[in-house]
>>> print(open('coords.cif').read())   # mmCIF, C-alpha atoms
data_final
loop_
_atom_site.label_atom_id
_atom_site.label_comp_id
_atom_site.auth_asym_id
_atom_site.auth_seq_id
_atom_site.Cartn_x
_atom_site.Cartn_y
_atom_site.Cartn_z
CA MET A 1 -182.67 0.57 -43.31
CA PRO A 2 -181.47 4.20 -43.72
CA VAL A 3 -183.98 7.03 -44.18
CA LEU A 4 -183.63 8.26 -47.77
CA ASN A 5 -183.97 11.84 -48.89
CA LYS A 6 -185.23 12.88 -52.30
CA PRO A 7 -182.24 11.93 -54.50
CA ARG A 8 -180.37 14.50 -56.55
CA VAL A 9 -179.26 12.98 -59.86
CA TYR A 10 -176.34 14.09 -62.03
CA LEU A 11 -176.63 12.76 -65.60
CA GLU A 12 -173.88 12.98 -68.20
CA THR A 13 -174.34 11.92 -71.82
CA TYR A 14 -171.98 10.70 -74.56
CA GLY A 15 -172.64 9.66 -78.13
CA CYS A 16 -175.24 10.35 -80.78
CA GLN A 17 -178.50 12.27 -80.74
CA MET A 18 -180.31 9.07 -79.77
CA ASN A 19 -178.35 9.03 -76.52
CA PHE A 20 -179.17 12.66 -75.76
CA ALA A 21 -182.85 11.96 -76.47
CA ASP A 22 -182.68 8.94 -74.17
CA SER A 23 -181.16 11.10 -71.42
CA GLU A 24 -184.14 13.45 -71.71
CA LEU A 25 -186.35 10.37 -71.33
CA VAL A 26 -184.41 9.21 -68.27
CA ALA A 27 -184.68 12.65 -66.66
CA ALA A 28 -188.44 12.60 -67.16
CA ILE A 29 -188.78 9.14 -65.61
CA LEU A 30 -186.68 10.14 -62.60
CA GLU A 31 -188.39 13.48 -62.00
CA GLU A 32 -191.81 11.84 -62.28
CA ASN A 33 -190.68 9.58 -59.45
CA LEU A 34 -189.59 12.47 -57.20
CA ALA A 35 -185.91 12.66 -58.06
CA GLU A 36 -184.28 16.04 -58.65
CA MET A 37 -181.83 16.61 -61.50
CA THR A 38 -178.66 18.58 -60.71
CA SER A 39 -175.79 19.94 -62.80
CA ASP A 40 -173.42 19.86 -59.80
CA ILE A 41 -171.76 16.45 -59.48
CA ALA A 42 -170.48 17.29 -55.99
CA LYS A 43 -174.06 17.63 -54.73
CA ALA A 44 -175.41 14.51 -56.43
CA ASP A 45 -176.69 11.47 -54.55
CA VAL A 46 -176.77 9.55 -57.83
CA ILE A 47 -174.31 9.86 -60.73
CA LEU A 48 -175.39 8.39 -64.06
CA VAL A 49 -173.54 8.30 -67.36
CA ASN A 50 -175.45 7.52 -70.57
CA THR A 51 -172.95 5.86 -72.85
CA CYS A 52 -172.07 5.13 -76.46
CA ALA A 53 -170.37 1.94 -77.64
CA ILE A 54 -170.37 2.63 -81.38
CA ARG A 55 -166.76 3.79 -81.61
CA GLU A 56 -163.67 3.10 -79.55
CA HIS A 57 -162.99 6.78 -78.83
CA ALA A 58 -166.41 7.25 -77.24
CA SER A 59 -165.95 4.15 -75.08
CA GLN A 60 -162.54 5.35 -73.93
CA ARG A 61 -163.94 8.74 -72.92
CA VAL A 62 -166.64 7.05 -70.85
CA MET A 63 -164.09 4.83 -69.12
CA GLN A 64 -162.07 7.95 -68.24
CA GLN A 65 -165.17 9.55 -66.79
CA LEU A 66 -165.87 6.46 -64.69
CA HIS A 67 -162.51 7.01 -62.97
CA ARG A 68 -163.64 10.55 -62.20
CA TYR A 69 -166.84 9.16 -60.69
CA GLN A 70 -164.79 6.70 -58.66
CA GLN A 71 -163.17 9.65 -56.91
CA GLN A 72 -166.63 10.83 -55.89
CA LYS A 73 -167.32 7.34 -54.56
CA LEU A 74 -164.14 7.35 -52.51
CA GLN A 75 -165.07 10.69 -50.96
CA ARG A 76 -168.75 9.79 -50.49
CA PRO A 77 -169.28 6.01 -50.40
CA GLU A 78 -173.07 6.43 -50.28
CA VAL A 79 -173.17 7.92 -53.80
CA VAL A 80 -174.80 5.60 -56.34
CA ILE A 81 -172.89 5.27 -59.63
CA GLY A 82 -174.76 4.00 -62.70
CA VAL A 83 -173.87 3.23 -66.32
CA LEU A 84 -176.71 3.47 -68.84
CA GLY A 85 -177.03 3.04 -72.59
CA CYS A 86 -175.17 1.07 -75.23
CA MET A 87 -172.03 0.34 -73.20
CA SER A 88 -174.11 -1.15 -70.41
CA SER A 89 -175.47 -3.72 -72.87
CA HIS A 90 -172.28 -4.22 -74.85
CA LEU A 91 -169.69 -4.26 -72.04
CA LYS A 92 -171.68 -5.24 -68.95
CA GLU A 93 -169.26 -8.01 -67.92
CA GLU A 94 -166.22 -5.75 -68.26
CA ILE A 95 -167.88 -2.98 -66.26
CA SER A 96 -169.05 -5.33 -63.51
CA GLN A 97 -165.76 -7.19 -63.19
CA GLU A 98 -163.23 -4.38 -63.64
CA ARG A 99 -165.16 -1.55 -61.98
CA PRO A 100 -166.90 -3.12 -58.98
CA TRP A 101 -167.69 0.31 -57.52
CA VAL A 102 -170.29 0.82 -60.28
CA ASP A 103 -173.66 0.19 -58.60
CA LEU A 104 -176.05 0.04 -61.54
CA VAL A 105 -175.65 -1.18 -65.12
CA VAL A 106 -178.89 -0.49 -67.00
CA GLY A 107 -179.63 -1.04 -70.69
CA PRO A 108 -181.65 1.15 -73.08
CA ASP A 109 -184.87 -0.87 -72.67
CA SER A 110 -184.87 -0.81 -68.84
CA TYR A 111 -185.09 2.89 -67.99
CA ARG A 112 -188.57 2.53 -66.47
CA GLN A 113 -186.94 0.47 -63.70
CA LEU A 114 -184.39 3.16 -62.76
CA PRO A 115 -186.33 4.70 -59.85
CA GLN A 116 -186.74 1.32 -58.16
CA LEU A 117 -183.15 0.28 -58.88
CA ILE A 118 -181.80 3.54 -57.45
CA THR A 119 -183.98 3.28 -54.35
CA ALA A 120 -182.90 -0.32 -53.75
CA ARG A 121 -179.21 0.50 -54.11
CA ARG A 122 -179.47 3.53 -51.81
CA ALA A 123 -181.05 1.18 -49.28
CA GLU A 124 -177.82 -0.84 -49.48
CA LEU A 125 -179.25 -3.70 -51.52
CA PRO A 126 -176.92 -5.44 -54.02
CA THR A 127 -175.62 -4.01 -57.28
CA SER A 128 -178.05 -4.36 -60.19
CA VAL A 129 -177.25 -5.33 -63.79
CA VAL A 130 -180.40 -4.98 -65.91
CA THR A 131 -179.66 -5.05 -69.63
CA GLY A 132 -182.35 -7.27 -71.14
CA LEU A 133 -183.79 -6.16 -74.47
CA ASP A 134 -187.54 -5.64 -74.89
CA ARG A 135 -188.97 -6.09 -78.39
CA TYR A 136 -191.96 -3.89 -77.52
CA GLU A 137 -190.56 -1.05 -75.41
CA THR A 138 -190.99 2.34 -77.09
CA TYR A 139 -191.56 4.44 -73.93
CA GLU A 140 -195.05 5.47 -74.94
CA GLN A 141 -196.79 8.12 -72.83
CA ILE A 142 -193.51 9.45 -71.42
CA PHE A 143 -192.70 13.01 -72.44
CA PRO A 144 -188.93 13.65 -72.23
CA ARG A 145 -187.64 16.38 -69.93
CA ARG A 146 -186.07 19.01 -72.19
CA ASP A 147 -184.04 22.08 -71.40
CA ALA A 148 -185.02 25.30 -73.16
CA GLY A 149 -183.84 25.58 -76.74
CA VAL A 150 -184.89 25.71 -80.37
CA ASN A 151 -184.75 22.09 -81.52
CA ALA A 152 -186.49 19.15 -79.84
CA TRP A 153 -185.46 15.54 -80.48
CA VAL A 154 -188.42 13.20 -81.01
CA THR A 155 -187.62 9.49 -81.25
CA ILE A 156 -189.82 7.60 -83.71
CA THR A 157 -188.03 4.21 -83.85
CA ARG A 158 -185.85 2.26 -81.46
CA GLY A 159 -183.38 -0.52 -82.22
CA CYS A 160 -182.12 -1.73 -85.58
CA ASP A 161 -182.64 -4.72 -87.88
CA ASN A 162 -179.92 -3.98 -90.43
CA PHE A 163 -176.92 -5.67 -88.78
CA CYS A 164 -174.18 -3.72 -90.54
CA SER A 165 -171.16 -5.86 -89.85
CA TYR A 166 -169.18 -3.16 -87.99
CA CYS A 167 -172.03 -2.01 -85.73
CA VAL A 168 -173.06 -3.02 -82.20
CA VAL A 169 -176.42 -1.21 -82.22
CA PRO A 170 -178.65 -4.26 -82.94
CA PHE A 171 -176.95 -6.08 -80.06
CA ALA A 172 -176.96 -3.10 -77.69
CA ARG A 173 -180.40 -1.62 -78.52
CA GLY A 174 -182.28 -4.64 -79.82
CA ARG A 175 -184.52 -5.19 -82.79
CA GLU A 176 -186.25 -2.38 -84.57
CA ARG A 177 -189.69 -1.18 -83.47
CA SER A 178 -191.69 1.89 -84.43
CA ARG A 179 -193.51 4.19 -82.06
CA PRO A 180 -197.22 4.67 -82.81
CA LEU A 181 -198.05 7.74 -84.87
CA SER A 182 -200.49 8.90 -82.19
CA ALA A 183 -197.70 8.91 -79.58
CA ILE A 184 -195.36 10.82 -81.90
CA GLN A 185 -198.01 13.44 -82.64
CA ALA A 186 -198.82 13.81 -78.93
CA GLU A 187 -195.15 14.39 -78.13
CA MET A 188 -194.86 16.97 -80.89
CA GLU A 189 -197.88 18.81 -79.52
CA GLN A 190 -196.13 18.77 -76.15
CA VAL A 191 -192.91 20.26 -77.54
CA VAL A 192 -194.94 23.09 -79.09
CA ARG A 193 -196.42 23.80 -75.66
CA GLU A 194 -192.86 23.85 -74.31
CA GLY A 195 -191.94 26.56 -76.82
CA PHE A 196 -190.00 24.57 -79.44
CA ARG A 197 -190.45 25.44 -83.10
CA GLU A 198 -188.14 22.87 -84.69
CA VAL A 199 -188.26 19.08 -84.33
CA THR A 200 -185.71 16.49 -85.40
CA LEU A 201 -187.17 13.00 -85.81
CA LEU A 202 -184.76 10.32 -84.63
CA GLY A 203 -184.20 6.68 -85.39
CA GLN A 204 -181.29 4.37 -86.01
CA ASN A 205 -182.78 4.02 -89.49
CA VAL A 206 -185.43 6.70 -89.25
CA ASN A 207 -186.93 6.16 -92.69
CA SER A 208 -187.83 2.53 -91.94
CA TRP A 209 -190.63 3.68 -89.59
CA ARG A 210 -193.92 1.94 -90.29
CA GLU A 211 -197.39 1.50 -88.83
CA GLY A 212 -199.86 -0.59 -90.78
CA ASP A 213 -199.87 0.71 -94.35
CA ASN A 214 -198.19 3.97 -93.34
CA ARG A 215 -194.50 4.48 -93.99
CA PHE A 216 -192.10 7.33 -93.21
CA PRO A 217 -193.37 9.70 -95.95
CA GLU A 218 -196.90 9.40 -94.53
CA LEU A 219 -195.52 10.07 -91.05
CA LEU A 220 -193.87 13.27 -92.27
CA GLU A 221 -197.12 14.40 -93.88
CA ALA A 222 -198.99 13.73 -90.65
CA VAL A 223 -196.62 15.45 -88.22
CA THR A 224 -196.42 18.60 -90.35
CA GLN A 225 -200.09 19.10 -89.45
CA VAL A 226 -199.12 19.75 -85.81
CA ALA A 227 -199.72 23.48 -85.36
CA GLY A 228 -196.72 25.49 -84.25
CA ILE A 229 -193.97 23.34 -85.81
CA GLU A 230 -192.06 25.49 -88.30
CA ARG A 231 -189.21 23.15 -89.18
CA ILE A 232 -188.85 19.37 -89.30
CA ARG A 233 -185.59 17.48 -89.78
CA PHE A 234 -184.75 13.78 -89.49
CA ILE A 235 -181.71 11.58 -88.90
CA SER A 236 -180.40 9.11 -89.86
CA PRO A 237 -182.03 7.54 -92.90
CA HIS A 238 -180.65 4.42 -94.54
CA PRO A 239 -179.87 4.85 -98.27
CA ARG A 240 -181.44 1.49 -99.06
CA ASP A 241 -184.83 2.64 -97.72
CA PHE A 242 -184.83 6.13 -99.25
CA SER A 243 -187.75 6.24 -101.68
CA GLN A 244 -188.64 8.71 -104.40
CA ARG A 245 -191.89 9.30 -102.50
CA LEU A 246 -189.84 10.54 -99.52
CA LEU A 247 -187.90 12.93 -101.76
CA GLU A 248 -191.16 14.31 -103.11
CA VAL A 249 -192.47 14.90 -99.58
CA ILE A 250 -189.29 16.83 -98.75
CA ARG A 251 -189.77 18.84 -101.94
CA ASP A 252 -193.46 19.56 -101.47
CA ILE A 253 -193.86 20.25 -97.73
CA PRO A 254 -192.30 23.59 -96.68
CA GLN A 255 -191.80 22.55 -93.04
CA VAL A 256 -189.52 19.65 -94.02
CA MET A 257 -186.03 21.08 -94.37
CA ASN A 258 -183.91 20.65 -97.49
CA HIS A 259 -181.10 18.74 -95.81
CA ILE A 260 -180.61 14.98 -95.59
CA HIS A 261 -177.93 13.08 -93.76
CA LEU A 262 -177.19 10.09 -95.96
CA PRO A 263 -174.54 7.75 -94.49
CA LEU A 264 -172.22 6.39 -97.19
CA GLN A 265 -169.56 4.57 -95.06
CA SER A 266 -167.52 3.53 -98.14
CA GLY A 267 -167.37 4.15 -101.88
CA SER A 268 -166.07 0.66 -102.65
CA ASP A 269 -168.51 -2.12 -103.56
CA PRO A 270 -166.40 -4.92 -102.00
CA VAL A 271 -166.13 -2.95 -98.75
CA LEU A 272 -169.84 -2.10 -98.77
CA GLU A 273 -170.60 -5.80 -99.21
CA ARG A 274 -168.39 -6.75 -96.26
CA MET A 275 -170.08 -3.99 -94.26
CA ASN A 276 -173.49 -5.47 -95.20
CA ARG A 277 -174.80 -2.05 -96.21
CA GLY A 278 -177.27 -3.29 -98.81
CA TYR A 279 -176.42 -0.92 -101.68
CA THR A 280 -173.67 -0.29 -104.22
CA ALA A 281 -171.57 2.79 -104.84
CA SER A 282 -173.35 3.44 -108.15
CA GLY A 283 -176.72 3.06 -106.44
CA PHE A 284 -175.71 5.60 -103.81
CA ILE A 285 -174.54 8.06 -106.49
CA GLU A 286 -177.82 7.64 -108.38
CA LEU A 287 -179.80 8.34 -105.17
CA ALA A 288 -177.76 11.46 -104.39
CA GLN A 289 -178.16 12.77 -107.92
CA ARG A 290 -181.89 12.04 -107.93
CA ALA A 291 -182.26 13.72 -104.53
CA ARG A 292 -180.61 16.93 -105.72
CA ALA A 293 -182.64 16.85 -108.94
CA THR A 294 -185.88 16.49 -106.97
CA VAL A 295 -185.28 18.88 -104.05
CA SER A 296 -183.96 22.33 -104.89
CA GLU A 297 -181.08 23.70 -102.81
CA LEU A 298 -180.69 20.30 -101.13
CA ALA A 299 -177.70 19.80 -98.83
CA ILE A 300 -176.41 16.28 -98.29
CA SER A 301 -174.16 15.30 -95.38
CA THR A 302 -172.75 11.85 -94.75
CA ASP A 303 -170.71 9.45 -92.58
CA ILE A 304 -167.60 7.72 -93.94
CA ILE A 305 -165.40 5.06 -92.33
CA VAL A 306 -161.82 4.54 -93.54
CA GLY A 307 -159.67 1.50 -92.90
CA PHE A 308 -162.43 -1.10 -92.65
CA CYS A 309 -161.33 -4.73 -92.77
CA GLY A 310 -159.62 -5.55 -96.06
CA GLU A 311 -159.80 -1.99 -97.43
CA SER A 312 -157.17 -1.75 -100.15
CA GLU A 313 -155.70 1.38 -101.65
CA ALA A 314 -158.01 0.88 -104.62
CA ASP A 315 -161.00 0.66 -102.27
CA PHE A 316 -160.00 3.90 -100.60
CA GLU A 317 -159.49 5.61 -103.96
CA ALA A 318 -163.02 4.53 -104.90
CA THR A 319 -164.29 6.33 -101.80
CA LEU A 320 -162.39 9.49 -102.74
CA ALA A 321 -163.77 9.29 -106.28
CA LEU A 322 -167.33 9.02 -104.98
CA VAL A 323 -166.83 11.97 -102.63
CA ARG A 324 -165.59 14.05 -105.57
CA GLU A 325 -168.58 13.06 -107.68
CA VAL A 326 -171.33 13.55 -105.08
CA GLU A 327 -169.75 16.61 -103.43
CA PHE A 328 -171.22 16.26 -99.96
CA ASP A 329 -171.92 19.50 -98.17
CA SER A 330 -170.28 18.07 -95.04
CA ALA A 331 -169.10 14.73 -93.71
CA PHE A 332 -168.38 13.01 -90.42
CA THR A 333 -165.30 10.87 -91.02
CA PHE A 334 -163.90 8.10 -88.82
CA LYS A 335 -161.20 5.48 -88.61
CA TYR A 336 -162.60 1.97 -88.28
CA SER A 337 -162.37 0.57 -84.75
CA GLU A 338 -163.28 -3.05 -84.13
CA ARG A 339 -166.15 -3.60 -81.70
CA SER A 340 -166.36 -6.93 -79.91
CA GLY A 341 -169.45 -8.98 -80.65
CA THR A 342 -170.04 -7.56 -84.12
CA ILE A 343 -170.13 -9.62 -87.30
CA ALA A 344 -166.94 -7.93 -88.52
CA ALA A 345 -165.08 -8.84 -85.32
CA ARG A 346 -166.08 -12.48 -85.78
CA GLU A 347 -165.58 -12.84 -89.52
CA TYR A 348 -162.93 -10.33 -90.67
CA GLU A 349 -159.45 -9.32 -89.64
CA ASP A 350 -158.86 -5.69 -88.67
CA ASP A 351 -155.88 -5.71 -91.01
CA VAL A 352 -155.40 -2.07 -92.06
CA PRO A 353 -152.49 -0.65 -90.01
CA ALA A 354 -153.30 2.30 -87.76
CA VAL A 355 -150.81 4.55 -89.54
CA ILE A 356 -152.53 3.89 -92.88
CA LYS A 357 -155.96 4.51 -91.35
CA GLY A 358 -154.69 7.84 -90.06
CA ALA A 359 -153.17 8.85 -93.39
CA ARG A 360 -156.35 7.93 -95.26
CA LEU A 361 -158.49 9.86 -92.79
CA ASP A 362 -156.31 12.94 -93.24
CA GLN A 363 -156.53 12.66 -97.02
CA LEU A 364 -160.30 12.23 -96.94
CA MET A 365 -160.77 15.16 -94.57
CA GLU A 366 -158.60 17.42 -96.74
CA LEU A 367 -160.70 16.54 -99.79
CA GLN A 368 -164.03 17.00 -98.02
CA ASN A 369 -162.98 20.24 -96.31
CA GLY A 370 -162.18 21.73 -99.70
CA ILE A 371 -165.57 20.67 -101.06
CA THR A 372 -167.37 22.06 -98.00
CA ARG A 373 -165.62 25.42 -98.29
CA ARG A 374 -166.42 25.62 -102.00
CA ARG A 375 -170.10 24.80 -101.51
CA ASN A 376 -170.36 27.22 -98.58
CA SER A 377 -168.61 29.95 -100.58
CA ALA A 378 -171.35 29.65 -103.20
CA CYS A 379 -173.76 31.02 -100.56
CA ILE A 380 -172.01 34.40 -100.37
CA GLY A 381 -174.21 37.17 -101.69
CA ARG A 382 -177.41 35.17 -101.24
CA GLU A 383 -180.18 35.51 -98.68
CA PHE A 384 -181.35 32.64 -96.48
CA ALA A 385 -184.05 32.13 -93.87
CA VAL A 386 -182.09 31.51 -90.65
CA MET A 387 -183.65 30.26 -87.41
CA ALA A 388 -181.91 32.02 -84.52
CA GLU A 389 -180.58 29.65 -81.84
CA GLY A 390 -178.67 31.90 -79.44
CA PRO A 391 -175.40 33.74 -78.83
CA SER A 392 -172.36 32.63 -80.81
CA ARG A 393 -169.52 30.95 -78.99
CA LYS A 394 -167.07 33.77 -79.53
CA LEU A 395 -168.93 37.08 -79.13
CA ALA A 396 -171.99 37.99 -77.08
CA THR A 397 -172.79 40.69 -79.66
CA GLU A 398 -173.30 38.00 -82.30
CA TRP A 399 -175.89 35.28 -82.60
CA MET A 400 -175.88 32.06 -84.56
CA GLY A 401 -178.56 30.10 -86.32
CA ARG A 402 -179.10 27.57 -89.10
CA THR A 403 -180.42 27.71 -92.60
CA GLY A 404 -182.96 25.18 -93.81
CA CYS A 405 -180.10 23.24 -95.39
CA ASN A 406 -178.38 23.11 -91.97
CA ARG A 407 -175.56 25.57 -92.57
CA ILE A 408 -174.43 27.57 -89.54
CA VAL A 409 -174.74 31.34 -89.93
CA VAL A 410 -173.41 34.03 -87.55
CA PHE A 411 -175.00 37.50 -87.62
CA PRO A 412 -175.13 40.65 -85.42
CA PHE A 413 -177.51 40.53 -82.46
CA GLN A 414 -180.67 42.63 -82.68
CA ALA A 415 -182.54 43.99 -79.67
CA GLY A 416 -185.50 41.84 -78.73
CA LEU A 417 -184.29 38.80 -80.65
CA LEU A 418 -185.40 35.47 -79.17
CA PRO A 419 -184.38 31.89 -80.01
CA GLY A 420 -186.65 30.29 -82.59
CA ARG A 421 -187.28 33.40 -84.65
CA VAL A 422 -186.67 33.00 -88.39
CA LEU A 423 -184.76 35.90 -89.93
CA PRO A 424 -183.75 36.81 -93.50
CA VAL A 425 -179.95 36.93 -93.51
CA ARG A 426 -177.76 37.93 -96.44
CA ILE A 427 -174.45 36.05 -96.45
CA GLU A 428 -171.43 38.37 -96.67
CA GLU A 429 -168.42 36.12 -96.07
CA LEU A 430 -167.12 32.70 -95.08
CA SER A 431 -165.04 32.32 -91.93
CA GLY A 432 -163.59 28.82 -91.75
CA PHE A 433 -166.69 26.72 -92.40
CA THR A 434 -169.08 29.27 -90.89
CA LEU A 435 -171.16 31.69 -92.92
CA ARG A 436 -171.35 35.27 -91.68
CA GLY A 437 -174.06 37.69 -92.70
CA ASN A 438 -176.40 40.54 -91.84
CA VAL A 439 -180.12 40.55 -91.20
CA THR A 440 -181.87 42.28 -94.08
CA GLN A 441 -184.66 44.76 -93.41
CA LYS A 442 -188.02 43.63 -94.74
#
>>> encode(input="coords.cif", output="structure tokens")
Amino acid sequence: MPVLNKPRVYLETYGCQMNFADSELVAAILEENLAEMTSDIAKADVILVNTCAIREHASQRVMQQLHRYQQQKLQRPEVVIGVLGCMSSHLKEEISQERPWVDLVVGPDSYRQLPQLITARRAELPTSVVTGLDRYETYEQIFPRRDAGVNAWVTITRGCDNFCSYCVVPFARGRERSRPLSAIQAEMEQVVREGFREVTLLGQNVNSWREGDNRFPELLEAVTQVAGIERIRFISPHPRDFSQRLLEVIRDIPQVMNHIHLPLQSGSDPVLERMNRGYTASGFIELAQRARATVSELAISTDIIVGFCGESEADFEATLALVREVEFDSAFTFKYSERSGTIAAREYEDDVPAVIKGARLDQLMELQNGITRRRNSACIGREFAVMAEGPSRKLATEWMGRTGCNRIVVFPFQAGLLPGRVLPVRIEELSGFTLRGNVTQK
């Protein structure tokens, strides 16, 4: 058996915030077991990719990256290649059969086993496929390894019980389970010690968290008592589980930011029913209106899918009408892509032509972009509390940060400025979708 050095691990991540939070968890597990993380793929003994299977585009990008990793394998046959995350659960047979040079296929509930699996494979033992789901795994007592920054992701639920017909998450990540409040509070205390001042609570349906008689509003009240946390955000809540009590907590607790991401998916009742979303278009509109009436200066963002199975022109027009009525501050918009194994793939035909999906997406984006610009323009001349995050992408003399309602603001750098500081910024202009302003003297 070969003598093994301390492995250097290169980890690349695709997908949603849950995946990035999971990668921080993986890094912590590996470093605790004497691995060393590296950002240089050429120096890595182990190459891992944490994957997303939610949309076709993300899966295609991962497959392209696997070809890049194959080149590393050809040059250095001893390198261990591993696929983690949703794709490992959803497409394990395809990965194993069509990419035999992949050494490890590990699902989201099996990350504790990674050190042993890596050691075994480096000792030239057989390829491992470990994708079983664990109803009780919440990775308690593991503090993720985070790079320096302003915002820390803190996962409060894992898995999903909703079974939206287009979604693979319940099959890839398993049934929903909530982390204990004590573990969440302990992790938040840890992120304060690490220098973070903002926390984003994560869950596939974050507002379905529960422990005994406590629900998500009580969780928010509890975690705001952690000293040192200045801002708390959360994603993604399910509209069906969004209570008036939760809106009142957002209104009444200053640390909870006045922005909610509220996934719509469609404005058509027949489409929402086929999607198994559990609400109607009118119910969604009522929730959005009640949210803005309860929480002052509230920003609402959303997700919308066009071209879902059976979507007619009338269905799409209903979505446009809802977008006009609600006036989302921003939206993530997508063309429907069928995912194998989902309810929709089994029960419905993906019958909207690609060219129509593309045209509808363009029309929706044009509408939403106009609304976003108009709502952002209304900020000009006003002052906002902006948490500085770091240098802007374009100029080192400028920094960027976010308002409480999650709008990006660019402003001139000031000597001594550090990430995490909250500054009063007066908005002077709108550049594209970005607000530009100046720090006011107070």
>>> resolve_selection(input="coords.cif", expression="the PyMOL selection byres ((chain A and resi 23) around 10)", output="list in words")
Leu11, Glu12, Thr13, Tyr14, Gln17, Met18, Asn19, Phe20, Ala21, Asp22, Glu24, Leu25, Val26, Ala27, Ala28, Ile29, Leu48, Val49, Asn50, Thr51, Leu84, Gly85, Tyr111, Pro144, Arg145 and Arg146 of chain A
>>> resolve_selection(input="coords.cif", expression="the PyMOL selection byres ((chain A and resi 271-278) around 10)", output="PyMOL selection string")
chain A and resi 162-167+238-241+263-270+279-281+283+307-312+315-316+319+343-344+347-348
>>> write_last_selection(input="coords.cif", atoms="C-alpha atoms", output="compact mmCIF listing (two decimals), in the frame of the given file")
# COMPACT_ATOMS: atom_id res chain seq x y z
CA ASN A 162 -179.92 -3.98 -90.43
CA PHE A 163 -176.92 -5.67 -88.78
CA CYS A 164 -174.18 -3.72 -90.54
CA SER A 165 -171.16 -5.86 -89.85
CA TYR A 166 -169.18 -3.16 -87.99
CA CYS A 167 -172.03 -2.01 -85.73
CA HIS A 238 -180.65 4.42 -94.54
CA PRO A 239 -179.87 4.85 -98.27
CA ARG A 240 -181.44 1.49 -99.06
CA ASP A 241 -184.83 2.64 -97.72
CA PRO A 263 -174.54 7.75 -94.49
CA LEU A 264 -172.22 6.39 -97.19
CA GLN A 265 -169.56 4.57 -95.06
CA SER A 266 -167.52 3.53 -98.14
CA GLY A 267 -167.37 4.15 -101.88
CA SER A 268 -166.07 0.66 -102.65
CA ASP A 269 -168.51 -2.12 -103.56
CA PRO A 270 -166.40 -4.92 -102.00
CA TYR A 279 -176.42 -0.92 -101.68
CA THR A 280 -173.67 -0.29 -104.22
CA ALA A 281 -171.57 2.79 -104.84
CA GLY A 283 -176.72 3.06 -106.44
CA GLY A 307 -159.67 1.50 -92.90
CA PHE A 308 -162.43 -1.10 -92.65
CA CYS A 309 -161.33 -4.73 -92.77
CA GLY A 310 -159.62 -5.55 -96.06
CA GLU A 311 -159.80 -1.99 -97.43
CA SER A 312 -157.17 -1.75 -100.15
CA ASP A 315 -161.00 0.66 -102.27
CA PHE A 316 -160.00 3.90 -100.60
CA THR A 319 -164.29 6.33 -101.80
CA ILE A 343 -170.13 -9.62 -87.30
CA ALA A 344 -166.94 -7.93 -88.52
CA GLU A 347 -165.58 -12.84 -89.52
CA TYR A 348 -162.93 -10.33 -90.67
>>> atom_distance(input="coords.cif", atom1="atom CA of Ala152 of chain A", atom2="atom CA of Gly432 of chain A")
27.6 Å
>>> residues_around(input="coords.cif", residues="Val150 of chain A", least_positions_apart="4", cutoff="7 Å", atoms="only C-alpha atoms", output="MDAnalysis selection string")
chainID A and resid 196:198 389 419:420
>>> resolve_selection(input="coords.cif", expression="the PyMOL selection byres ((chain A and resi 213-227) around 7)", output="list in words")
Gln185, Glu189, Asn207, Ser208, Trp209, Arg210, Glu211, Gly212, Gly228, Ile229, Arg245, Leu246, Val249 and Gln255 of chain A
>>> residues_around(input="coords.cif", residues="segment 287-290 of chain A", least_positions_apart="4", cutoff="10 Å", atoms="all atoms listed in the file", output="list in words")
Pro239, Arg240, Phe242, Ser243, Gln244, Leu247, Ile260, Leu262, Ala281, Ser282, Gly283, Thr294, Val295, Leu298, Ile300, Glu325, Val326, Glu327 and Phe328 of chain A
>>> residues_near_point(input="coords.cif", point="(-168.9, 5.9, -50.4)", cutoff="12 Å", atoms="all atoms listed in the file", output="list in words")
Asp45, Val46, Tyr69, Gln70, Gln71, Gln72, Lys73, Leu74, Gln75, Arg76, Pro77, Glu78, Val79, Val80, Ile81, Trp101, Val102, Asp103, Arg122 and Glu124 of chain A
>>> write_last_selection(input="coords.cif", atoms="C-alpha atoms", output="short mmCIF file (atom, residue, chain, number, x, y, z; two decimals), keeping the file's coordinate frame")
data_model
loop_
_atom_site.label_atom_id
_atom_site.label_comp_id
_atom_site.auth_asym_id
_atom_site.auth_seq_id
_atom_site.Cartn_x
_atom_site.Cartn_y
_atom_site.Cartn_z
CA ASP A 45 -176.69 11.47 -54.55
CA VAL A 46 -176.77 9.55 -57.83
CA TYR A 69 -166.84 9.16 -60.69
CA GLN A 70 -164.79 6.70 -58.66
CA GLN A 71 -163.17 9.65 -56.91
CA GLN A 72 -166.63 10.83 -55.89
CA LYS A 73 -167.32 7.34 -54.56
CA LEU A 74 -164.14 7.35 -52.51
CA GLN A 75 -165.07 10.69 -50.96
CA ARG A 76 -168.75 9.79 -50.49
CA PRO A 77 -169.28 6.01 -50.40
CA GLU A 78 -173.07 6.43 -50.28
CA VAL A 79 -173.17 7.92 -53.80
CA VAL A 80 -174.80 5.60 -56.34
CA ILE A 81 -172.89 5.27 -59.63
CA TRP A 101 -167.69 0.31 -57.52
CA VAL A 102 -170.29 0.82 -60.28
CA ASP A 103 -173.66 0.19 -58.60
CA ARG A 122 -179.47 3.53 -51.81
CA GLU A 124 -177.82 -0.84 -49.48
#
